[in-house]
Amino acid sequence: MSKKNTISLIKCDIGSLAGYHVVPKPLFTIAERNLKKAVEKGIINNYFVFNAGDDLELLMVHEKGEQNIEVH
């Protein structure tokens, strides 16, 4: 039986210094570092960090199912 993949997208409402257009670079760095650790620990399989305006978006692929506490 094959494993089921779950795609989780967490929106982090960060805010911006001037308006709603950018997420500060240090926050991208922190998110990348933490998600890389999650891959190394086997919590998630893959990830992508991006922004939509001033919201930091954490896209993760894992096999833990919806609303998994360890992932979220």
# chains A, B, ... in the order shown; residues from 1 in each chain; ligands from 1

call {"tool": "residues_around", "arguments": {"residues": "A:Phe48", "least_positions_apart": "5", "cutoff": "7 Å", "atoms": "only C-alpha atoms", "output": "list in words"}}
result
Leu58, Leu59 and Met60 of chain A

call {"tool": "select_by_dssp", "arguments": {"residues": "chain A", "states": "strand (DSSP E)", "output": "list in words"}}
result
Thr6, Ile7, Ser8, Leu9, Ile10, Lys11, Cys12, Asp13, Asn46, Tyr47, Phe48, Val49, Phe50, Asn51, Ala52, Asp55, Leu56, Glu57, Leu58, Leu59, Met60, Val61 and His62 of chain A

call {"tool": "write_last_selection", "arguments": {"atoms": "N, CA and C atoms", "output": "tab-separated table (two decimals), in the first residue's frame"}}
result
chain	number	residue	atom	x	y	z
A	6	THR	N	0.51	14.57	2.19
A	6	THR	CA	-0.31	15.71	2.59
A	6	THR	C	0.47	16.96	2.23
A	7	ILE	N	-0.22	17.93	1.70
A	7	ILE	CA	0.38	19.23	1.42
A	7	ILE	C	-0.24	20.23	2.39
A	8	SER	N	0.61	20.83	3.20
A	8	SER	CA	0.15	21.83	4.17
A	8	SER	C	0.70	23.19	3.78
A	9	LEU	N	-0.14	24.20	3.85
A	9	LEU	CA	0.27	25.56	3.59
A	9	LEU	C	-0.12	26.40	4.79
A	10	ILE	N	0.88	26.94	5.46
A	10	ILE	CA	0.63	27.76	6.63
A	10	ILE	C	0.94	29.21	6.27
A	11	LYS	N	-0.03	30.08	6.50
A	11	LYS	CA	0.12	31.51	6.23
A	11	LYS	C	0.47	32.20	7.54
A	12	CYS	N	1.60	32.89	7.53
A	12	CYS	CA	2.05	33.64	8.70
A	12	CYS	C	1.86	35.13	8.41
A	13	ASP	N	0.92	35.75	9.07
A	13	ASP	CA	0.63	37.16	8.83
A	13	ASP	C	1.70	38.00	9.52
A	46	ASN	N	9.50	17.70	2.19
A	46	ASN	CA	9.98	18.78	1.36
A	46	ASN	C	9.24	20.05	1.74
A	47	TYR	N	9.75	21.20	1.28
A	47	TYR	CA	9.14	22.47	1.63
A	47	TYR	C	9.51	23.54	0.62
A	48	PHE	N	8.77	24.64	0.69
A	48	PHE	CA	9.07	25.83	-0.09
A	48	PHE	C	8.58	27.03	0.71
A	49	VAL	N	9.44	28.02	0.89
A	49	VAL	CA	9.09	29.24	1.63
A	49	VAL	C	8.93	30.37	0.62
A	50	PHE	N	7.81	31.07	0.69
A	50	PHE	CA	7.58	32.20	-0.21
A	50	PHE	C	6.69	33.22	0.49
A	51	ASN	N	6.41	34.30	-0.21
A	51	ASN	CA	5.52	35.29	0.39
A	51	ASN	C	4.43	35.68	-0.60
A	52	ALA	N	3.33	36.12	-0.03
A	52	ALA	CA	2.24	36.74	-0.78
A	52	ALA	C	2.01	38.08	-0.09
A	55	ASP	N	2.61	38.41	3.83
A	55	ASP	CA	2.36	37.12	4.49
A	55	ASP	C	3.46	36.13	4.11
A	56	LEU	N	4.09	35.53	5.09
A	56	LEU	CA	5.08	34.49	4.87
A	56	LEU	C	4.33	33.17	4.71
A	57	GLU	N	4.61	32.46	3.65
A	57	GLU	CA	3.90	31.21	3.34
A	57	GLU	C	4.85	30.03	3.50
A	58	LEU	N	4.44	29.02	4.25
A	58	LEU	CA	5.23	27.81	4.47
A	58	LEU	C	4.49	26.65	3.81
A	59	LEU	N	4.99	26.20	2.69
A	59	LEU	CA	4.40	25.08	1.95
A	59	LEU	C	5.20	23.83	2.28
A	60	MET	N	4.52	22.80	2.78
A	60	MET	CA	5.21	21.59	3.23
A	60	MET	C	4.53	20.34	2.67
A	61	VAL	N	5.34	19.37	2.31
A	61	VAL	CA	4.84	18.06	1.89
A	61	VAL	C	5.28	17.06	2.96
A	62	HIS	N	4.32	16.26	3.43
A	62	HIS	CA	4.63	15.29	4.48
A	62	HIS	C	3.65	14.12	4.38

call {"tool": "select_by_dssp", "arguments": {"residues": "chain A", "states": "helix (DSSP H, G or I)", "output": "ChimeraX atom specification"}}
result
/A:25-40

call {"tool": "closest_residue", "arguments": {"among": "A:Glu63, A:Ile69, A:Lys4, A:Leu27", "to": "A:Val39", "atoms": "only C-alpha atoms"}}
result
A:Glu63

call {"tool": "atom_distance", "arguments": {"atom1": "atom CA of A:Gln67", "atom2": "atom CA of A:Phe28"}}
result
23.1 Å

call {"tool": "atom_distance", "arguments": {"atom1": "atom CA of A:Lys25", "atom2": "atom CA of A:Val71"}}
result
23.0 Å

call {"tool": "atom_distance", "arguments": {"atom1": "atom CA of A:Lys37", "atom2": "atom CA of A:Glu70"}}
result
12.8 Å

call {"tool": "decode", "arguments": {"residues": "stretch 14-45 of chain A", "atoms": "N, CA and C atoms", "output": "PDB file, in the first residue's frame"}}
result
ATOM      1  N   ILE A  14       2.726  38.376   8.779  1.00  0.00           N
ATOM      2  CA  ILE A  14       3.912  39.028   9.325  1.00  0.00           C
ATOM      3  C   ILE A  14       3.737  40.537   9.454  1.00  0.00           C
ATOM      4  N   GLY A  15       3.227  41.155   8.433  1.00  0.00           N
ATOM      5  CA  GLY A  15       3.194  42.612   8.391  1.00  0.00           C
ATOM      6  C   GLY A  15       4.491  43.124   7.778  1.00  0.00           C
ATOM      7  N   SER A  16       4.515  44.354   7.428  1.00  0.00           N
ATOM      8  CA  SER A  16       5.671  44.934   6.759  1.00  0.00           C
ATOM      9  C   SER A  16       5.966  46.293   7.350  1.00  0.00           C
ATOM     10  N   LEU A  17       7.190  46.740   7.174  1.00  0.00           N
ATOM     11  CA  LEU A  17       7.570  48.051   7.701  1.00  0.00           C
ATOM     12  C   LEU A  17       6.823  49.183   7.016  1.00  0.00           C
ATOM     13  N   ALA A  18       6.570  49.018   5.729  1.00  0.00           N
ATOM     14  CA  ALA A  18       5.878  50.079   4.984  1.00  0.00           C
ATOM     15  C   ALA A  18       4.825  49.459   4.080  1.00  0.00           C
ATOM     16  N   GLY A  19       3.631  49.326   4.573  1.00  0.00           N
ATOM     17  CA  GLY A  19       2.555  48.767   3.760  1.00  0.00           C
ATOM     18  C   GLY A  19       2.478  47.257   3.830  1.00  0.00           C
ATOM     19  N   TYR A  20       1.952  46.647   2.770  1.00  0.00           N
ATOM     20  CA  TYR A  20       1.681  45.216   2.757  1.00  0.00           C
ATOM     21  C   TYR A  20       2.394  44.522   1.602  1.00  0.00           C
ATOM     22  N   HIS A  21       3.637  44.821   1.372  1.00  0.00           N
ATOM     23  CA  HIS A  21       4.262  44.340   0.146  1.00  0.00           C
ATOM     24  C   HIS A  21       5.461  43.420   0.321  1.00  0.00           C
ATOM     25  N   VAL A  22       6.036  43.285   1.497  1.00  0.00           N
ATOM     26  CA  VAL A  22       7.271  42.517   1.613  1.00  0.00           C
ATOM     27  C   VAL A  22       7.382  41.867   2.993  1.00  0.00           C
ATOM     28  N   VAL A  23       8.074  40.728   3.033  1.00  0.00           N
ATOM     29  CA  VAL A  23       8.417  40.067   4.285  1.00  0.00           C
ATOM     30  C   VAL A  23       9.917  40.295   4.498  1.00  0.00           C
ATOM     31  N   PRO A  24      10.328  40.744   5.679  1.00  0.00           N
ATOM     32  CA  PRO A  24      11.750  40.984   5.916  1.00  0.00           C
ATOM     33  C   PRO A  24      12.594  39.723   5.691  1.00  0.00           C
ATOM     34  N   LYS A  25      13.744  39.886   5.053  1.00  0.00           N
ATOM     35  CA  LYS A  25      14.650  38.782   4.708  1.00  0.00           C
ATOM     36  C   LYS A  25      15.020  37.912   5.909  1.00  0.00           C
ATOM     37  N   PRO A  26      15.288  38.462   7.103  1.00  0.00           N
ATOM     38  CA  PRO A  26      15.633  37.597   8.239  1.00  0.00           C
ATOM     39  C   PRO A  26      14.550  36.565   8.570  1.00  0.00           C
ATOM     40  N   LEU A  27      13.290  36.905   8.316  1.00  0.00           N
ATOM     41  CA  LEU A  27      12.213  35.949   8.594  1.00  0.00           C
ATOM     42  C   LEU A  27      12.217  34.796   7.592  1.00  0.00           C
ATOM     43  N   PHE A  28      12.563  35.094   6.332  1.00  0.00           N
ATOM     44  CA  PHE A  28      12.743  34.013   5.354  1.00  0.00           C
ATOM     45  C   PHE A  28      13.847  33.060   5.817  1.00  0.00           C
ATOM     46  N   THR A  29      14.940  33.628   6.304  1.00  0.00           N
ATOM     47  CA  THR A  29      16.086  32.834   6.754  1.00  0.00           C
ATOM     48  C   THR A  29      15.696  31.921   7.913  1.00  0.00           C
ATOM     49  N   ILE A  30      14.966  32.455   8.867  1.00  0.00           N
ATOM     50  CA  ILE A  30      14.514  31.662  10.018  1.00  0.00           C
ATOM     51  C   ILE A  30      13.593  30.534   9.567  1.00  0.00           C
ATOM     52  N   ALA A  31      12.655  30.847   8.685  1.00  0.00           N
ATOM     53  CA  ALA A  31      11.723  29.827   8.187  1.00  0.00           C
ATOM     54  C   ALA A  31      12.470  28.729   7.442  1.00  0.00           C
ATOM     55  N   GLU A  32      13.392  29.107   6.553  1.00  0.00           N
ATOM     56  CA  GLU A  32      14.188  28.126   5.797  1.00  0.00           C
ATOM     57  C   GLU A  32      14.972  27.219   6.743  1.00  0.00           C
ATOM     58  N   ARG A  33      15.607  27.810   7.739  1.00  0.00           N
ATOM     59  CA  ARG A  33      16.415  27.040   8.689  1.00  0.00           C
ATOM     60  C   ARG A  33      15.558  26.020   9.445  1.00  0.00           C
ATOM     61  N   ASN A  34      14.397  26.460   9.912  1.00  0.00           N
ATOM     62  CA  ASN A  34      13.534  25.561  10.690  1.00  0.00           C
ATOM     63  C   ASN A  34      12.925  24.450   9.833  1.00  0.00           C
ATOM     64  N   LEU A  35      12.540  24.765   8.612  1.00  0.00           N
ATOM     65  CA  LEU A  35      11.967  23.729   7.756  1.00  0.00           C
ATOM     66  C   LEU A  35      13.044  22.747   7.283  1.00  0.00           C
ATOM     67  N   LYS A  36      14.256  23.221   7.095  1.00  0.00           N
ATOM     68  CA  LYS A  36      15.361  22.314   6.754  1.00  0.00           C
ATOM     69  C   LYS A  36      15.590  21.320   7.894  1.00  0.00           C
ATOM     70  N   LYS A  37      15.541  21.804   9.136  1.00  0.00           N
ATOM     71  CA  LYS A  37      15.674  20.921  10.299  1.00  0.00           C
ATOM     72  C   LYS A  37      14.534  19.905  10.337  1.00  0.00           C
ATOM     73  N   ALA A  38      13.328  20.338   9.981  1.00  0.00           N
ATOM     74  CA  ALA A  38      12.177  19.427   9.975  1.00  0.00           C
ATOM     75  C   ALA A  38      12.374  18.308   8.952  1.00  0.00           C
ATOM     76  N   VAL A  39      12.974  18.623   7.806  1.00  0.00           N
ATOM     77  CA  VAL A  39      13.276  17.586   6.810  1.00  0.00           C
ATOM     78  C   VAL A  39      14.307  16.617   7.381  1.00  0.00           C
ATOM     79  N   GLU A  40      15.359  17.152   7.991  1.00  0.00           N
ATOM     80  CA  GLU A  40      16.414  16.307   8.564  1.00  0.00           C
ATOM     81  C   GLU A  40      15.879  15.380   9.651  1.00  0.00           C
ATOM     82  N   LYS A  41      14.889  15.830  10.409  1.00  0.00           N
ATOM     83  CA  LYS A  41      14.281  15.021  11.475  1.00  0.00           C
ATOM     84  C   LYS A  41      13.208  14.066  10.955  1.00  0.00           C
ATOM     85  N   GLY A  42      12.847  14.187   9.675  1.00  0.00           N
ATOM     86  CA  GLY A  42      11.836  13.319   9.101  1.00  0.00           C
ATOM     87  C   GLY A  42      10.405  13.754   9.373  1.00  0.00           C
ATOM     88  N   ILE A  43      10.218  14.971   9.825  1.00  0.00           N
ATOM     89  CA  ILE A  43       8.880  15.475  10.104  1.00  0.00           C
ATOM     90  C   ILE A  43       8.153  15.800   8.799  1.00  0.00           C
ATOM     91  N   ILE A  44       8.874  16.429   7.868  1.00  0.00           N
ATOM     92  CA  ILE A  44       8.326  16.732   6.553  1.00  0.00           C
ATOM     93  C   ILE A  44       9.262  16.182   5.483  1.00  0.00           C
ATOM     94  N   ASN A  45       8.746  16.019   4.277  1.00  0.00           N
ATOM     95  CA  ASN A  45       9.555  15.487   3.178  1.00  0.00           C
ATOM     96  C   ASN A  45      10.204  16.590   2.360  1.00  0.00           C
TER      97      ASN A  45
END
